[in-house]
file upload-v4.tsv (TSV, C-alpha atoms)
chain	number	residue	atom	x	y	z
Z	1	MET	CA	-25.15	23.11	6.50
Z	2	TRP	CA	-25.04	20.85	3.46
Z	3	THR	CA	-22.88	23.33	1.58
Z	4	GLY	CA	-20.40	23.31	4.45
Z	5	ILE	CA	-20.32	19.52	4.54
Z	6	LEU	CA	-19.84	19.32	0.76
Z	7	LEU	CA	-17.01	21.85	0.76
Z	8	SER	CA	-15.34	20.08	3.66
Z	9	ALA	CA	-15.61	16.71	1.89
Z	10	LEU	CA	-14.18	18.15	-1.33
Z	11	ALA	CA	-11.31	19.78	0.56
Z	12	MET	CA	-10.45	16.57	2.40
Z	13	THR	CA	-10.65	14.56	-0.82
Z	14	GLY	CA	-8.11	16.92	-2.34
Z	15	ILE	CA	-5.87	16.64	0.72
Z	16	VAL	CA	-6.01	12.83	0.70
Z	17	ALA	CA	-5.25	12.74	-3.02
Z	18	LEU	CA	-2.32	15.14	-2.70
Z	19	ARG	CA	-0.97	13.25	0.31
Z	20	TYR	CA	-1.09	10.03	-1.69
Z	21	LEU	CA	0.57	11.55	-4.75
Z	22	ALA	CA	3.29	13.19	-2.67
Z	23	SER	CA	4.10	10.19	-0.46
Z	24	SER	CA	3.83	7.50	-3.13
Z	25	GLY	CA	5.64	9.71	-5.60
Z	26	PHE	CA	8.48	10.32	-3.16
Z	27	PHE	CA	8.98	6.64	-2.37
Z	28	ALA	CA	8.58	5.67	-6.02
Z	29	LEU	CA	11.36	8.15	-6.83
Z	30	LEU	CA	13.43	6.74	-3.98
Z	31	THR	CA	12.91	3.24	-5.39
Z	32	SER	CA	14.10	4.35	-8.82
Z	33	ARG	CA	17.25	5.81	-7.26
Z	34	VAL	CA	18.04	3.03	-4.78
Z	35	ARG	CA	16.84	0.12	-6.94
Z	36	PRO	CA	17.17	1.25	-10.56
Z	37	GLY	CA	14.90	-0.73	-12.87
Z	38	HIS	CA	13.09	-2.39	-9.95
Z	39	HIS	CA	9.69	-1.34	-11.32
Z	40	GLY	CA	10.89	-0.19	-14.72
Z	41	ARG	CA	8.45	-2.23	-16.81
Z	42	LEU	CA	5.33	-1.69	-14.75
Z	43	GLY	CA	4.02	1.49	-16.39
Z	44	PRO	CA	0.52	0.14	-17.23
Z	45	GLN	CA	0.17	-1.37	-13.75
Z	46	ILE	CA	1.24	1.86	-12.05
Z	47	ARG	CA	-1.25	3.89	-14.08
Z	48	ARG	CA	-3.97	1.47	-13.00
Z	49	GLU	CA	-2.85	1.77	-9.37
Z	50	ILE	CA	-3.03	5.56	-9.54
Z	51	GLY	CA	-6.50	5.42	-11.09
Z	52	TRP	CA	-7.92	3.16	-8.38
Z	53	SER	CA	-6.16	5.26	-5.74
Z	54	MET	CA	-7.85	8.45	-6.92
Z	55	VAL	CA	-11.21	6.73	-6.50
Z	56	SER	CA	-10.11	5.63	-3.02
Z	57	ALA	CA	-9.08	9.22	-2.21
Z	58	ALA	CA	-12.66	10.36	-2.81
Z	59	ILE	CA	-14.02	7.57	-0.64
Z	60	TYR	CA	-11.58	8.41	2.17
Z	61	GLY	CA	-12.21	12.13	1.77
Z	62	ILE	CA	-15.98	12.04	2.36
Z	63	PRO	CA	-15.96	10.70	5.95
Z	64	ALA	CA	-12.83	12.76	6.68
Z	65	GLY	CA	-14.71	15.84	5.51
Z	66	LEU	CA	-17.66	14.99	7.74
Z	67	VAL	CA	-15.31	14.67	10.71
Z	68	ALA	CA	-13.61	17.98	9.95
Z	69	TRP	CA	-16.97	19.71	9.67
Z	70	ALA	CA	-18.34	18.10	12.85
Z	71	TRP	CA	-15.18	19.07	14.75
Z	72	GLN	CA	-14.96	22.67	13.59
Z	73	GLU	CA	-18.65	23.56	13.39
Z	74	LEU	CA	-20.27	21.44	16.11
Z	75	GLY	CA	-17.49	20.27	18.41
Z	76	TRP	CA	-18.87	16.74	18.33
Z	77	THR	CA	-15.57	14.88	18.08
Z	78	ARG	CA	-13.07	13.99	20.82
Z	79	ILE	CA	-10.27	15.88	19.04
Z	80	TYR	CA	-8.76	18.47	21.36
Z	81	THR	CA	-6.21	21.26	20.84
Z	82	GLY	CA	-5.11	22.28	24.34
Z	83	TRP	CA	-1.88	20.66	25.53
Z	84	SER	CA	-3.21	20.63	29.10
Z	85	ASP	CA	-6.68	19.28	28.28
Z	86	TYR	CA	-5.46	15.76	29.14
Z	87	PRO	CA	-2.38	14.57	31.06
Z	88	LEU	CA	0.86	14.75	29.07
Z	89	TRP	CA	1.38	10.99	29.44
Z	90	TYR	CA	-1.80	10.49	27.40
Z	91	LEU	CA	-0.36	12.28	24.34
Z	92	PRO	CA	1.74	9.33	23.08
Z	93	LEU	CA	-0.78	6.77	24.33
Z	94	ALA	CA	-3.62	8.01	22.10
Z	95	PRO	CA	-1.80	7.30	18.80
Z	96	LEU	CA	-0.95	3.80	20.03
Z	97	LEU	CA	-4.61	3.19	20.87
Z	98	TYR	CA	-5.65	4.43	17.43
Z	99	LEU	CA	-3.05	2.36	15.61
Z	100	PHE	CA	-3.88	-0.80	17.55
Z	101	ALA	CA	-7.63	-0.33	16.97
Z	102	HIS	CA	-7.03	0.29	13.28
Z	103	ASP	CA	-4.70	-2.68	13.06
Z	104	THR	CA	-7.32	-4.92	14.71
Z	105	TRP	CA	-10.04	-3.79	12.33
Z	106	PHE	CA	-7.72	-4.15	9.34
Z	107	TYR	CA	-6.56	-7.65	10.29
Z	108	TRP	CA	-10.06	-9.10	10.57
Z	109	THR	CA	-11.56	-7.31	7.55
Z	110	HIS	CA	-8.47	-8.11	5.49
Z	111	ARG	CA	-8.66	-11.77	6.45
Z	112	TRP	CA	-12.38	-11.78	5.61
Z	113	MET	CA	-11.64	-10.26	2.21
Z	114	HIS	CA	-9.48	-13.26	1.37
Z	115	ARG	CA	-12.53	-15.50	1.33
Z	116	PRO	CA	-12.89	-16.50	-2.33
Z	117	ARG	CA	-16.18	-14.76	-3.10
Z	118	VAL	CA	-15.27	-11.51	-1.31
Z	119	PHE	CA	-11.79	-11.60	-2.81
Z	120	ARG	CA	-13.16	-11.76	-6.35
Z	121	VAL	CA	-15.58	-8.89	-5.74
Z	122	ALA	CA	-13.26	-6.48	-3.95
Z	123	HIS	CA	-9.77	-7.44	-2.83
Z	124	ALA	CA	-8.59	-8.80	-6.18
Z	125	VAL	CA	-8.06	-5.21	-7.35
Z	126	HIS	CA	-5.33	-4.70	-4.79
Z	127	HIS	CA	-3.67	-8.03	-5.52
Z	128	ALA	CA	-3.68	-7.30	-9.24
Z	129	SER	CA	-0.50	-5.37	-8.49
Z	130	ARG	CA	2.15	-8.00	-9.17
Z	131	PRO	CA	4.50	-7.02	-7.73
Z	132	PRO	CA	3.08	-4.19	-5.61
Z	133	THR	CA	4.71	-0.78	-5.96
Z	134	ALA	CA	4.72	2.39	-3.87
Z	135	TRP	CA	1.67	3.47	-5.91
Z	136	ALA	CA	-0.36	0.45	-4.73
Z	137	ALA	CA	-0.83	1.68	-1.16
Z	138	MET	CA	-4.36	2.98	-1.91
Z	139	SER	CA	-5.12	0.89	-4.99
Z	140	PHE	CA	-8.42	-0.55	-3.73
Z	141	HIS	CA	-11.80	-1.47	-5.12
Z	142	PRO	CA	-14.38	1.02	-3.73
Z	143	TRP	CA	-15.84	-1.61	-1.40
Z	144	GLU	CA	-12.44	-2.25	0.14
Z	145	ALA	CA	-11.69	1.47	0.33
Z	146	LEU	CA	-14.93	1.97	2.24
Z	147	THR	CA	-13.91	-0.54	4.92
Z	148	GLY	CA	-10.70	1.39	5.50
Z	149	ALA	CA	-12.16	4.89	5.26
Z	150	ILE	CA	-14.47	4.64	8.27
Z	151	VAL	CA	-12.07	3.55	11.02
Z	152	ILE	CA	-10.28	6.76	12.02
Z	153	PRO	CA	-13.43	8.89	11.51
Z	154	LEU	CA	-15.28	6.63	13.94
Z	155	LEU	CA	-12.45	6.62	16.47
Z	156	VAL	CA	-12.34	10.43	16.74
Z	157	PHE	CA	-15.88	10.32	18.12
Z	158	LEU	CA	-14.91	7.76	20.75
Z	159	VAL	CA	-11.28	8.17	21.82
Z	160	PRO	CA	-9.82	11.57	22.78
Z	161	ILE	CA	-6.77	12.63	20.80
Z	162	HIS	CA	-4.80	15.83	20.42
Z	163	VAL	CA	-4.94	17.21	16.90
Z	164	ALA	CA	-1.13	16.95	16.62
Z	165	MET	CA	-1.22	13.29	17.66
Z	166	LEU	CA	-3.94	12.68	15.08
Z	167	GLY	CA	-1.46	14.06	12.56
Z	168	VAL	CA	1.06	11.49	13.81
Z	169	VAL	CA	-1.47	8.69	13.26
Z	170	LEU	CA	-2.17	9.86	9.70
Z	171	ALA	CA	1.57	10.15	8.99
Z	172	VAL	CA	2.23	6.60	10.23
Z	173	MET	CA	-0.71	5.32	8.16
Z	174	THR	CA	0.65	6.99	5.06
Z	175	VAL	CA	4.31	6.05	5.42
Z	176	MET	CA	3.70	2.43	6.41
Z	177	GLY	CA	1.04	1.99	3.75
Z	178	VAL	CA	3.47	3.10	1.06
Z	179	THR	CA	6.74	1.60	2.30
Z	180	ASN	CA	5.18	-1.80	2.92
Z	181	HIS	CA	4.37	-2.05	-0.78
Z	182	MET	CA	7.67	-0.92	-2.30
Z	183	GLY	CA	8.99	-4.43	-2.85
Z	184	TRP	CA	12.26	-3.75	-1.06
Z	185	GLU	CA	13.20	-3.22	2.56
Z	186	MET	CA	14.22	0.33	3.42
Z	187	PHE	CA	14.70	-0.28	7.13
Z	188	PRO	CA	18.00	-1.63	8.51
Z	189	ARG	CA	18.29	-5.40	8.69
Z	190	ARG	CA	19.31	-5.05	12.33
Z	191	LEU	CA	15.93	-3.45	13.12
Z	192	VAL	CA	13.83	-5.77	10.96
Z	193	HIS	CA	15.35	-8.87	12.58
Z	194	SER	CA	15.45	-7.46	16.11
Z	195	ARG	CA	13.06	-8.32	18.93
Z	196	LEU	CA	11.16	-5.07	18.27
Z	197	GLY	CA	11.14	-5.73	14.54
Z	198	GLY	CA	9.56	-9.10	15.24
Z	199	TRP	CA	6.38	-7.28	16.24
Z	200	LEU	CA	6.33	-4.62	13.51
Z	201	ILE	CA	5.25	-4.93	9.89
Z	202	THR	CA	7.60	-3.67	7.22
Z	203	ALA	CA	8.00	-4.43	3.51
Z	204	SER	CA	9.66	-7.80	4.20
Z	205	HIS	CA	6.61	-8.99	6.12
Z	206	HIS	CA	3.91	-7.57	3.86
Z	207	GLN	CA	5.66	-8.76	0.72
Z	208	ARG	CA	5.17	-12.32	2.01
Z	209	HIS	CA	1.42	-11.64	2.05
Z	210	HIS	CA	1.49	-10.61	-1.61
Z	211	GLU	CA	3.44	-13.76	-2.42
Z	212	ASP	CA	1.43	-16.34	-0.45
Z	213	TYR	CA	-1.93	-14.51	0.05
Z	214	LEU	CA	-3.28	-16.48	3.04
Z	215	CYS	CA	-0.94	-15.11	5.68
Z	216	ASN	CA	0.48	-11.91	7.17
Z	217	TYR	CA	-2.77	-9.96	7.23
Z	218	GLY	CA	-1.75	-7.20	9.67
Z	219	LEU	CA	-1.20	-3.53	8.93
Z	220	TYR	CA	1.15	-2.15	11.59
Z	221	PHE	CA	1.79	-4.91	14.11
Z	222	ARG	CA	2.23	-8.68	13.95
Z	223	PHE	CA	0.18	-9.22	17.12
Z	224	TRP	CA	-2.95	-10.68	15.52
Z	225	ASP	CA	-1.01	-12.71	12.97
Z	226	ARG	CA	1.03	-14.29	15.73
Z	227	LEU	CA	-1.96	-14.84	18.00
Z	228	CYS	CA	-4.04	-16.42	15.22
Z	229	GLY	CA	-1.26	-18.46	13.62
Z	230	THR	CA	-1.24	-16.58	10.32
Z	231	ASP	CA	2.28	-15.15	10.59
Z	232	ARG	CA	4.61	-16.85	8.11
Z	233	GLY	CA	7.55	-14.57	8.69
Z	234	LEU	CA	9.43	-12.47	6.17
Z	235	SER	CA	9.81	-12.73	2.43
Z	236	ALA	CA	13.08	-14.25	1.26
Z	237	ARG	CA	12.92	-12.30	-2.01
Z	238	ILE	CA	13.60	-8.79	-0.70
call {"tool": "encode", "arguments": {"input": "upload-v4.tsv", "output": "structure tokens"}}
result
Amino acid sequence: MWTGILLSALAMTGIVALRYLASSGFFALLTSRVRPGHHGRLGPQIRREIGWSMVSAAIYGIPAGLVAWAWQELGWTRIYTGWSDYPLWYLPLAPLLYLFAHDTWFYWTHRWMHRPRVFRVAHAVHHASRPPTAWAAMSFHPWEALTGAIVIPLLVFLVPIHVAMLGVVLAVMTVMGVTNHMGWEMFPRRLVHSRLGGWLITASHHQRHHEDYLCNYGLYFRFWDRLCGTDRGLSARI
């Protein structure tokens, strides 16, 4: 049993690390093409971001490996594979439930990590990226990485989700995590400033957090920021 768990954890750590390198590398390359010189002098910072991110990959990989093992060997999770196991209308609903639950957890833990003592211990690592780059998406102190690594693994034991829709959740997590840190807005201005864009977090919104710190704490949606009065709008610098 323990050998199976260890192998699963190692495999998932490798997958998380490769996913990070591929996604951050792609958007870093895109940045260099679209905004030449935008992060041209940040070599030491980027190397530090990659180093912390590799540590985070291991921390994310361990619970992910436990989930994979529990799903495949014991059937303990609520992940399902049959398209008719639940009504078709539930397929798109499950990712929204996962993203909202993750966003809620992230908002409150992120806001807590901006308390001075907690910030110094953990969150300061992430904010050491000035400005953040595509490589900063997983640049966390191990304590911060741990708070993010447990959410989806816990949800799969509680909320049913098709394995393909779980892939959608992980893809959204990856793309938004990277693109929100690029320091430039890749989405059309018409979308960002639309009624829909007013509820979604993109680089313009998250950049404001890295500028002012005590605002814009959300991950995917602006719901909690708006409800709690911590939404200060978009950055004027990108």
call {"tool": "residues_around", "arguments": {"input": "upload-v4.tsv", "residues": "Ala70 in chain Z", "least_positions_apart": "4", "cutoff": "12 Å", "atoms": "only C-alpha atoms", "output": "PyMOL selection string"}}
result
chain Z and resi 1-2+4-5+8-9+63-66+74-79+153-154+156-157
call {"tool": "atom_distance", "arguments": {"input": "upload-v4.tsv", "atom1": "CA of Ser194 in chain Z", "atom2": "CA of Trp105 in chain Z"}}
result
26.0 Å
call {"tool": "residues_around", "arguments": {"input": "upload-v4.tsv", "residues": "Val178 in chain Z", "least_positions_apart": "4", "cutoff": "9 Å", "atoms": "only C-alpha atoms", "output": "number ranges by chain"}}
result
Z: 20, 23-24, 27, 133-138, 173-174, 182
call {"tool": "axis_aligned_box", "arguments": {"input": "upload-v4.tsv", "around": "range 210-218 of chain Z", "padding_each_side": "6 Å", "output": "lines of an AutoDock Vina configuration file"}}
result
center_x = 0.1
center_y = -11.8
center_z = 3.6
size_x = 18.7
size_y = 21.3
size_z = 24.1
call {"tool": "atom_distance", "arguments": {"input": "upload-v4.tsv", "atom1": "CA of Arg33 in chain Z", "atom2": "CA of Phe187 in chain Z"}}
result
15.8 Å
call {"tool": "residues_near_point", "arguments": {"input": "upload-v4.tsv", "point": "(-8.5, 9.5, 13.4)", "cutoff": "8 Å", "atoms": "only C-alpha atoms", "output": "ChimeraX atom specification"}}
result
/Z:98,151-156,166,169-170
call {"tool": "write_last_selection", "arguments": {"input": "upload-v4.tsv", "atoms": "C-alpha atoms", "output": "mmCIF file, in the frame of the given file"}}
result
data_model
loop_
_atom_site.group_PDB
_atom_site.id
_atom_site.type_symbol
_atom_site.label_atom_id
_atom_site.label_comp_id
_atom_site.auth_asym_id
_atom_site.auth_seq_id
_atom_site.Cartn_x
_atom_site.Cartn_y
_atom_site.Cartn_z
ATOM 1 C CA TYR Z 98 -5.650 4.430 17.430
ATOM 2 C CA VAL Z 151 -12.070 3.550 11.020
ATOM 3 C CA ILE Z 152 -10.280 6.760 12.020
ATOM 4 C CA PRO Z 153 -13.430 8.890 11.510
ATOM 5 C CA LEU Z 154 -15.280 6.630 13.940
ATOM 6 C CA LEU Z 155 -12.450 6.620 16.470
ATOM 7 C CA VAL Z 156 -12.340 10.430 16.740
ATOM 8 C CA LEU Z 166 -3.940 12.680 15.080
ATOM 9 C CA VAL Z 169 -1.470 8.690 13.260
ATOM 10 C CA LEU Z 170 -2.170 9.860 9.700
#
call {"tool": "closest_residue", "arguments": {"input": "upload-v4.tsv", "among": "Z:Pro142, Z:Pro116, Z:Pro95, Z:Gly197", "to": "Gly51 in chain Z", "atoms": "all atoms listed in the file"}}
result
Z:Pro142
call {"tool": "atom_distance", "arguments": {"input": "upload-v4.tsv", "atom1": "CA of Val55 in chain Z", "atom2": "CA of Ser139 in chain Z"}}
result
8.6 Å
call {"tool": "residues_near_point", "arguments": {"input": "upload-v4.tsv", "point": "(-10.8, -7.1, -6.8)", "cutoff": "12 Å", "atoms": "only C-alpha atoms", "output": "list in words"}}
result
Trp52, Met113, His114, Arg115, Pro116, Arg117, Val118, Phe119, Arg120, Val121, Ala122, His123, Ala124, Val125, His126, His127, Ala128, Ser129, Ser139, Phe140, His141, Pro142, Trp143, Glu144 and Ala145 of chain Z
call {"tool": "closest_residue", "arguments": {"input": "upload-v4.tsv", "among": "Z:Gln72, Z:Ser56, Z:Gly61, Z:Ala203", "to": "Met186 in chain Z", "atoms": "all atoms listed in the file"}}
result
Z:Ala203
call {"tool": "closest_residue", "arguments": {"input": "upload-v4.tsv", "among": "Z:Leu96, Z:Val175, Z:Ala101, Z:Leu214", "to": "Gly25 in chain Z", "atoms": "only C-alpha atoms"}}
result
Z:Val175
call {"tool": "closest_residue", "arguments": {"input": "upload-v4.tsv", "among": "Z:Asp231, Z:Val159, Z:Arg130, Z:Arg222", "to": "His210 in chain Z", "atoms": "all atoms listed in the file"}}
result
Z:Arg130
call {"tool": "closest_residue", "arguments": {"input": "upload-v4.tsv", "among": "Z:Ile50, Z:Trp69, Z:Leu21, Z:Ile59", "to": "Leu6 in chain Z", "atoms": "only C-alpha atoms"}}
result
Z:Trp69
